[in-house]
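Source file: target.tsv. Holds: TSV, N, CA, C and O atoms.
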```
chain	number	residue	atom	x	y	z
A	1	MET	N	41.85	-102.29	-72.58
A	1	MET	CA	42.77	-101.70	-71.61
A	1	MET	C	42.11	-100.46	-71.01
A	1	MET	O	41.50	-99.66	-71.70
A	2	GLU	N	42.24	-100.34	-69.71
A	2	GLU	CA	41.66	-99.18	-69.04
A	2	GLU	C	42.41	-97.91	-69.40
A	2	GLU	O	43.56	-97.95	-69.84
A	3	ARG	N	41.74	-96.80	-69.17
A	3	ARG	CA	42.35	-95.49	-69.43
A	3	ARG	C	43.52	-95.29	-68.47
A	3	ARG	O	43.47	-95.66	-67.30
A	4	LEU	N	44.58	-94.69	-68.99
A	4	LEU	CA	45.78	-94.42	-68.19
A	4	LEU	C	45.45	-93.35	-67.14
A	4	LEU	O	44.82	-92.34	-67.47
A	5	PRO	N	45.87	-93.54	-65.89
A	5	PRO	CA	45.61	-92.52	-64.87
A	5	PRO	C	46.24	-91.18	-65.27
A	5	PRO	O	47.30	-91.13	-65.89
A	6	GLU	N	45.56	-90.12	-64.90
A	6	GLU	CA	45.99	-88.77	-65.30
A	6	GLU	C	47.40	-88.44	-64.80
A	6	GLU	O	48.21	-87.90	-65.54
A	7	ASN	N	47.70	-88.78	-63.56
A	7	ASN	CA	49.04	-88.46	-63.04
A	7	ASN	C	50.13	-89.25	-63.75
A	7	ASN	O	51.22	-88.74	-63.99
A	8	ALA	N	49.84	-90.49	-64.14
A	8	ALA	CA	50.83	-91.28	-64.88
A	8	ALA	C	51.07	-90.68	-66.26
A	8	ALA	O	52.20	-90.61	-66.74
A	9	ARG	N	50.00	-90.22	-66.91
A	9	ARG	CA	50.14	-89.60	-68.23
A	9	ARG	C	50.96	-88.32	-68.13
A	9	ARG	O	51.87	-88.08	-68.92
A	10	LEU	N	50.66	-87.49	-67.13
A	10	LEU	CA	51.38	-86.23	-66.97
A	10	LEU	C	52.85	-86.45	-66.63
A	10	LEU	O	53.73	-85.77	-67.17
A	11	LEU	N	53.13	-87.42	-65.78
A	11	LEU	CA	54.52	-87.70	-65.44
A	11	LEU	C	55.27	-88.28	-66.63
A	11	LEU	O	56.45	-87.98	-66.84
A	12	GLY	N	54.60	-89.09	-67.42
A	12	GLY	CA	55.22	-89.61	-68.63
A	12	GLY	C	55.57	-88.50	-69.61
A	12	GLY	O	56.66	-88.49	-70.20
A	13	GLN	N	54.66	-87.57	-69.78
A	13	GLN	CA	54.94	-86.44	-70.67
A	13	GLN	C	56.01	-85.53	-70.09
A	13	GLN	O	56.83	-84.97	-70.83
A	14	ALA	N	56.04	-85.38	-68.77
A	14	ALA	CA	57.06	-84.55	-68.13
A	14	ALA	C	58.45	-85.14	-68.33
A	14	ALA	O	59.45	-84.41	-68.29
A	15	GLY	N	58.53	-86.44	-68.58
A	15	GLY	CA	59.82	-87.07	-68.84
A	15	GLY	C	60.48	-86.57	-70.12
A	15	GLY	O	61.68	-86.76	-70.32
A	16	LEU	N	59.70	-85.93	-70.98
A	16	LEU	CA	60.26	-85.36	-72.20
A	16	LEU	C	60.92	-84.00	-71.97
A	16	LEU	O	61.71	-83.55	-72.79
A	17	LEU	N	60.57	-83.35	-70.88
A	17	LEU	CA	61.08	-82.00	-70.62
A	17	LEU	C	62.60	-81.91	-70.53
A	17	LEU	O	63.19	-81.01	-71.11
A	18	PRO	N	63.27	-82.82	-69.81
A	18	PRO	CA	64.74	-82.72	-69.76
A	18	PRO	C	65.38	-82.82	-71.14
A	18	PRO	O	66.28	-82.06	-71.48
A	19	GLN	N	64.89	-83.75	-71.97
A	19	GLN	CA	65.46	-83.89	-73.31
A	19	GLN	C	65.19	-82.66	-74.15
A	19	GLN	O	66.07	-82.21	-74.89
A	20	ALA	N	64.01	-82.08	-74.03
A	20	ALA	CA	63.70	-80.88	-74.80
A	20	ALA	C	64.58	-79.72	-74.37
A	20	ALA	O	65.13	-78.98	-75.21
A	21	ALA	N	64.76	-79.54	-73.06
A	21	ALA	CA	65.60	-78.46	-72.56
A	21	ALA	C	67.05	-78.65	-72.98
A	21	ALA	O	67.74	-77.70	-73.39
A	22	LEU	N	67.53	-79.88	-72.89
A	22	LEU	CA	68.92	-80.15	-73.27
A	22	LEU	C	69.12	-80.00	-74.78
A	22	LEU	O	70.16	-79.52	-75.22
A	23	ALA	N	68.13	-80.39	-75.57
A	23	ALA	CA	68.23	-80.21	-77.03
A	23	ALA	C	68.31	-78.73	-77.37
A	23	ALA	O	69.10	-78.33	-78.23
A	24	LEU	N	67.52	-77.91	-76.70
A	24	LEU	CA	67.60	-76.46	-76.92
A	24	LEU	C	68.99	-75.93	-76.57
A	24	LEU	O	69.55	-75.09	-77.29
A	25	ALA	N	69.54	-76.41	-75.47
A	25	ALA	CA	70.88	-75.97	-75.05
A	25	ALA	C	71.94	-76.41	-76.06
A	25	ALA	O	72.88	-75.66	-76.35
A	26	VAL	N	71.78	-77.61	-76.63
A	26	VAL	CA	72.74	-78.10	-77.62
A	26	VAL	C	72.67	-77.24	-78.87
A	26	VAL	O	73.69	-76.80	-79.41
A	27	PHE	N	71.46	-76.97	-79.35
A	27	PHE	CA	71.30	-76.19	-80.58
A	27	PHE	C	71.69	-74.73	-80.39
A	27	PHE	O	72.12	-74.07	-81.32
A	28	LYS	N	71.54	-74.24	-79.17
A	28	LYS	CA	71.96	-72.86	-78.88
A	28	LYS	C	73.47	-72.74	-78.94
A	28	LYS	O	74.02	-71.71	-79.32
A	29	GLY	N	74.16	-73.81	-78.56
A	29	GLY	CA	75.62	-73.81	-78.59
A	29	GLY	C	76.19	-73.13	-77.36
A	29	GLY	O	75.60	-73.13	-76.30
A	30	GLY	N	77.33	-72.54	-77.53
A	30	GLY	CA	77.98	-71.86	-76.42
A	30	GLY	C	78.79	-72.82	-75.58
A	30	GLY	O	79.01	-73.98	-75.93
A	31	PRO	N	79.24	-72.34	-74.44
A	31	PRO	CA	80.14	-73.14	-73.61
A	31	PRO	C	79.48	-74.38	-73.00
A	31	PRO	O	80.15	-75.33	-72.64
A	32	LEU	N	78.16	-74.37	-72.87
A	32	LEU	CA	77.48	-75.52	-72.27
A	32	LEU	C	76.95	-76.51	-73.30
A	32	LEU	O	76.30	-77.49	-72.93
A	33	GLY	N	77.23	-76.29	-74.57
A	33	GLY	CA	76.70	-77.16	-75.62
A	33	GLY	C	77.11	-78.61	-75.47
A	33	GLY	O	76.28	-79.51	-75.54
A	34	TRP	N	78.42	-78.84	-75.25
A	34	TRP	CA	78.90	-80.22	-75.12
A	34	TRP	C	78.42	-80.85	-73.82
A	34	TRP	O	78.12	-82.04	-73.76
A	35	THR	N	78.33	-80.06	-72.78
A	35	THR	CA	77.83	-80.59	-71.51
A	35	THR	C	76.36	-80.98	-71.65
A	35	THR	O	75.94	-82.04	-71.17
A	36	ALA	N	75.59	-80.14	-72.33
A	36	ALA	CA	74.18	-80.45	-72.56
A	36	ALA	C	74.03	-81.71	-73.40
A	36	ALA	O	73.15	-82.55	-73.14
A	37	LEU	N	74.90	-81.88	-74.40
A	37	LEU	CA	74.86	-83.08	-75.23
A	37	LEU	C	75.17	-84.32	-74.40
A	37	LEU	O	74.49	-85.35	-74.52
A	38	ALA	N	76.17	-84.24	-73.54
A	38	ALA	CA	76.52	-85.38	-72.67
A	38	ALA	C	75.37	-85.69	-71.70
A	38	ALA	O	75.05	-86.86	-71.47
A	39	LEU	N	74.76	-84.66	-71.14
A	39	LEU	CA	73.63	-84.88	-70.23
A	39	LEU	C	72.43	-85.47	-70.95
A	39	LEU	O	71.72	-86.32	-70.41
A	40	ALA	N	72.19	-85.01	-72.19
A	40	ALA	CA	71.09	-85.56	-72.98
A	40	ALA	C	71.32	-87.05	-73.25
A	40	ALA	O	70.39	-87.85	-73.16
A	41	TYR	N	72.55	-87.40	-73.56
A	41	TYR	CA	72.85	-88.82	-73.77
A	41	TYR	C	72.66	-89.60	-72.47
A	41	TYR	O	72.07	-90.69	-72.47
A	42	ALA	N	73.17	-89.08	-71.37
A	42	ALA	CA	73.06	-89.79	-70.09
A	42	ALA	C	71.59	-90.01	-69.73
A	42	ALA	O	71.22	-91.09	-69.25
A	43	TYR	N	70.75	-89.01	-69.97
A	43	TYR	CA	69.33	-89.15	-69.66
A	43	TYR	C	68.69	-90.21	-70.56
A	43	TYR	O	67.89	-91.04	-70.10
A	44	ALA	N	69.05	-90.22	-71.84
A	44	ALA	CA	68.52	-91.23	-72.76
A	44	ALA	C	68.96	-92.63	-72.33
A	44	ALA	O	68.17	-93.58	-72.38
A	45	ALA	N	70.22	-92.77	-71.91
A	45	ALA	CA	70.71	-94.07	-71.45
A	45	ALA	C	69.96	-94.52	-70.20
A	45	ALA	O	69.64	-95.71	-70.04
A	46	LEU	N	69.67	-93.58	-69.33
A	46	LEU	CA	68.90	-93.90	-68.12
A	46	LEU	C	67.51	-94.40	-68.48
A	46	LEU	O	67.03	-95.40	-67.93
A	47	ILE	N	66.87	-93.75	-69.43
A	47	ILE	CA	65.54	-94.17	-69.86
A	47	ILE	C	65.60	-95.55	-70.52
A	47	ILE	O	64.73	-96.39	-70.31
A	48	PHE	N	66.64	-95.80	-71.32
A	48	PHE	CA	66.80	-97.11	-71.95
A	48	PHE	C	66.94	-98.19	-70.88
A	48	PHE	O	66.36	-99.27	-71.00
A	49	SER	N	67.70	-97.92	-69.83
A	49	SER	CA	67.87	-98.90	-68.76
A	49	SER	C	66.55	-99.12	-68.02
A	49	SER	O	66.21	-100.26	-67.65
A	50	PHE	N	65.79	-98.06	-67.83
A	50	PHE	CA	64.48	-98.19	-67.21
A	50	PHE	C	63.57	-99.06	-68.08
A	50	PHE	O	62.85	-99.92	-67.57
A	51	LEU	N	63.62	-98.88	-69.38
A	51	LEU	CA	62.83	-99.69	-70.30
A	51	LEU	C	63.18	-101.17	-70.16
A	51	LEU	O	62.30	-102.03	-70.12
A	52	GLY	N	64.47	-101.47	-70.06
A	52	GLY	CA	64.88	-102.86	-69.85
A	52	GLY	C	64.33	-103.42	-68.54
A	52	GLY	O	63.90	-104.57	-68.48
A	53	GLY	N	64.31	-102.59	-67.50
A	53	GLY	CA	63.74	-103.02	-66.22
A	53	GLY	C	62.25	-103.30	-66.31
A	53	GLY	O	61.74	-104.26	-65.71
A	54	VAL	N	61.56	-102.48	-67.07
A	54	VAL	CA	60.12	-102.71	-67.28
A	54	VAL	C	59.92	-104.04	-68.00
A	54	VAL	O	59.04	-104.83	-67.64
A	55	TRP	N	60.74	-104.30	-69.01
A	55	TRP	CA	60.62	-105.57	-69.73
A	55	TRP	C	60.91	-106.76	-68.81
A	55	TRP	O	60.27	-107.80	-68.92
A	56	TRP	N	61.88	-106.62	-67.91
A	56	TRP	CA	62.14	-107.68	-66.95
A	56	TRP	C	60.90	-107.93	-66.10
A	56	TRP	O	60.53	-109.07	-65.83
A	57	GLY	N	60.27	-106.85	-65.65
A	57	GLY	CA	59.06	-107.00	-64.84
A	57	GLY	C	57.95	-107.71	-65.59
A	57	GLY	O	57.27	-108.58	-65.03
A	58	VAL	N	57.78	-107.38	-66.85
A	58	VAL	CA	56.77	-108.06	-67.67
A	58	VAL	C	57.12	-109.54	-67.80
A	58	VAL	O	56.25	-110.41	-67.67
A	59	GLY	N	58.40	-109.82	-68.02
A	59	GLY	CA	58.82	-111.20	-68.17
A	59	GLY	C	58.65	-112.01	-66.91
A	59	GLY	O	58.29	-113.20	-66.95
A	60	LEU	N	58.88	-111.41	-65.76
A	60	LEU	CA	58.73	-112.13	-64.49
A	60	LEU	C	57.27	-112.32	-64.12
A	60	LEU	O	56.92	-113.27	-63.42
A	61	ALA	N	56.41	-111.43	-64.59
A	61	ALA	CA	55.00	-111.51	-64.24
A	61	ALA	C	54.26	-112.59	-65.02
A	61	ALA	O	53.22	-113.07	-64.57
A	62	ASP	N	54.79	-112.98	-66.17
A	62	ASP	CA	54.11	-113.96	-67.00
A	62	ASP	C	55.04	-115.14	-67.26
A	62	ASP	O	56.03	-115.02	-67.97
A	63	PRO	N	54.73	-116.31	-66.70
A	63	PRO	CA	55.63	-117.47	-66.87
A	63	PRO	C	55.63	-118.03	-68.30
A	63	PRO	O	56.46	-118.86	-68.63
A	64	ARG	N	54.73	-117.54	-69.15
A	64	ARG	CA	54.65	-118.07	-70.51
A	64	ARG	C	55.49	-117.30	-71.52
A	64	ARG	O	55.38	-117.54	-72.71
A	65	VAL	N	56.35	-116.39	-71.06
A	65	VAL	CA	57.15	-115.62	-72.01
A	65	VAL	C	58.15	-116.54	-72.70
A	65	VAL	O	58.59	-117.54	-72.13
A	66	PRO	N	58.53	-116.21	-73.93
A	66	PRO	CA	59.50	-117.05	-74.64
A	66	PRO	C	60.87	-117.02	-73.96
A	66	PRO	O	61.20	-116.12	-73.21
A	67	ARG	N	61.68	-118.02	-74.27
A	67	ARG	CA	63.01	-118.14	-73.66
A	67	ARG	C	63.93	-116.99	-74.03
A	67	ARG	O	64.84	-116.67	-73.28
A	68	TRP	N	63.72	-116.35	-75.17
A	68	TRP	CA	64.58	-115.26	-75.62
A	68	TRP	C	64.23	-113.94	-74.93
A	68	TRP	O	64.98	-112.98	-75.02
A	69	PHE	N	63.13	-113.91	-74.22
A	69	PHE	CA	62.67	-112.64	-73.64
A	69	PHE	C	63.67	-112.00	-72.67
A	69	PHE	O	63.88	-110.78	-72.74
A	70	PRO	N	64.32	-112.75	-71.77
A	70	PRO	CA	65.30	-112.11	-70.89
A	70	PRO	C	66.44	-111.44	-71.65
A	70	PRO	O	66.93	-110.39	-71.26
A	71	PHE	N	66.85	-112.04	-72.77
A	71	PHE	CA	67.91	-111.43	-73.58
A	71	PHE	C	67.43	-110.12	-74.19
A	71	PHE	O	68.16	-109.13	-74.23
A	72	ALA	N	66.19	-110.11	-74.64
A	72	ALA	CA	65.62	-108.88	-75.20
A	72	ALA	C	65.47	-107.81	-74.12
A	72	ALA	O	65.62	-106.62	-74.40
A	73	ALA	N	65.21	-108.22	-72.88
A	73	ALA	CA	65.06	-107.26	-71.80
A	73	ALA	C	66.40	-106.61	-71.43
A	73	ALA	O	66.43	-105.48	-70.95
A	74	VAL	N	67.49	-107.31	-71.68
A	74	VAL	CA	68.82	-106.76	-71.37
A	74	VAL	C	69.32	-105.86	-72.50
A	74	VAL	O	70.16	-104.98	-72.27
A	75	LEU	N	68.80	-106.04	-73.69
A	75	LEU	CA	69.30	-105.28	-74.85
A	75	LEU	C	69.28	-103.76	-74.69
A	75	LEU	O	70.26	-103.12	-75.06
A	76	PRO	N	68.22	-103.14	-74.16
A	76	PRO	CA	68.28	-101.68	-74.05
A	76	PRO	C	69.46	-101.18	-73.23
A	76	PRO	O	70.13	-100.21	-73.61
A	77	SER	N	69.76	-101.85	-72.13
A	77	SER	CA	70.90	-101.43	-71.31
A	77	SER	C	72.21	-101.67	-72.04
A	77	SER	O	73.14	-100.85	-71.96
A	78	LEU	N	72.31	-102.78	-72.76
A	78	LEU	CA	73.55	-103.06	-73.50
A	78	LEU	C	73.74	-102.07	-74.65
A	78	LEU	O	74.87	-101.64	-74.92
A	79	ILE	N	72.66	-101.71	-75.31
A	79	ILE	CA	72.75	-100.71	-76.38
A	79	ILE	C	73.22	-99.38	-75.81
A	79	ILE	O	74.10	-98.73	-76.37
A	80	ALA	N	72.65	-98.99	-74.68
A	80	ALA	CA	73.07	-97.74	-74.04
A	80	ALA	C	74.54	-97.79	-73.65
A	80	ALA	O	75.27	-96.81	-73.83
A	81	LEU	N	75.00	-98.92	-73.14
A	81	LEU	CA	76.40	-99.07	-72.77
A	81	LEU	C	77.32	-98.95	-73.98
A	81	LEU	O	78.32	-98.22	-73.95
A	82	VAL	N	76.99	-99.63	-75.05
A	82	VAL	CA	77.83	-99.59	-76.25
A	82	VAL	C	77.87	-98.18	-76.84
A	82	VAL	O	78.92	-97.69	-77.26
A	83	LEU	N	76.73	-97.51	-76.84
A	83	LEU	CA	76.70	-96.15	-77.38
A	83	LEU	C	77.37	-95.15	-76.44
A	83	LEU	O	77.71	-94.03	-76.86
A	84	TRP	N	77.58	-95.53	-75.19
A	84	TRP	CA	78.26	-94.66	-74.23
A	84	TRP	C	79.78	-94.70	-74.41
A	84	TRP	O	80.48	-93.75	-74.07
A	85	LEU	N	80.29	-95.79	-74.97
A	85	LEU	CA	81.74	-95.96	-75.09
A	85	LEU	C	82.45	-94.80	-75.81
A	85	LEU	O	83.52	-94.39	-75.36
A	86	PRO	N	81.92	-94.23	-76.89
A	86	PRO	CA	82.62	-93.09	-77.50
A	86	PRO	C	82.78	-91.89	-76.57
A	86	PRO	O	83.72	-91.11	-76.73
A	87	TRP	N	81.91	-91.74	-75.60
A	87	TRP	CA	82.03	-90.63	-74.65
A	87	TRP	C	83.24	-90.82	-73.74
A	87	TRP	O	83.68	-89.87	-73.10
A	88	MET	N	83.74	-92.02	-73.66
A	88	MET	CA	84.87	-92.30	-72.78
A	88	MET	C	86.21	-91.90	-73.41
A	88	MET	O	87.23	-91.96	-72.75
A	89	ARG	N	86.21	-91.54	-74.65
A	89	ARG	CA	87.44	-91.15	-75.35
A	89	ARG	C	87.97	-89.85	-74.89
A	89	ARG	O	87.41	-88.94	-74.53
```
Translate this file's structure into structure tokens.
Amino acid sequence: MERLPENARLLGQAGLLPQAALALAVFKGGPLGWTALALAYAYAALIFSFLGGVWWGVGLADPRVPRWFPFAAVLPSLIALVLWLPWMR
């Protein structure tokens, strides 16, 4: 596998910054603690959905993928949805 392009590596690492900032806000507490926790969850759910989309792309690019692969590609989004339900209370 070729080396990952520098900008892709930096952008991938930058994707951790929102979670790190929100985790600090949660641990700090205060009036924004619950809001930071909700935003941290929403960001994680967004990333999970993106992961499912990447898996779909891999599955569409290779016609030899197993029949179960589309179901596995949907799982990250479904997991995020199920874990989101308690926030609706």
Original post:
Suppose you want the space between atom C of Pro18 of chain A and atom N of Leu37 of chain A; what is it in Å?
Top reply: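 Atom-to-atom, atom C of Pro18 of chain A to atom N of Leu37 of chain A, that is 10.1 Å.
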**OP:** Would you work out the distance separating atom N of Trp84 of chain A from atom N of Phe50 of chain A, expressed in Å to one decimal?
**Re:**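 Taking atom N of Trp84 of chain A and atom N of Phe50 of chain A, their separation equals 14.1 Å.
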Original post:
Separation of atom CA of Val26 of chain A and atom C of Gly53 of chain A, in Å?
Top reply: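 Distance reported for this atom pair: 29.5 Å.
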**OP:** Considering all atoms listed in the file, return as a list in words whatever protein or nucleic-acid residues lie within 7 Å of Ala25 of chain A, sequence-local ones (same chain, fewer than 5 positions apart) excluded.
**Re:**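 The neighbour list is Gln19, Ala20, Gly30, Leu32, Gly33, Trp34, Ala36 and Leu37 of chain A.
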**OP:** Name all residues at most 7 Å from Ser49 of chain A (count only N, CA, C and O atoms; drop same-chain ones fewer than 3 positions away) and give them as a PyMOL selection string.
**Re:** chain A and resi 43-46+52-55+73+76-77+80
**OP:** Apply DSSP to the structure's backbone, then extract all residues of chain A labelled helix (DSSP H, G or I) and return them as a count of residues only.
**Re:** 70
Extending 3 Å beyond the listed atoms of segment 29-39 of chain A on each side, what axis-aligned box results? I want centre and edge lengths in Å to one decimal, as lines of an AutoDock Vina configuration file.
```
center_x = 75.9
center_y = -79.4
center_z = -74.4
size_x = 14.4
size_y = 21.0
size_z = 14.4
```
Original post:
Looking at A:Pro31, A:Ala38, A:Ala21, A:Ala14, which one is nearest to Trp87 of chain A, with distances taken over all atoms listed in the file?
Top reply: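 Smallest separation from Trp87 of chain A among the options: A:Ala38.
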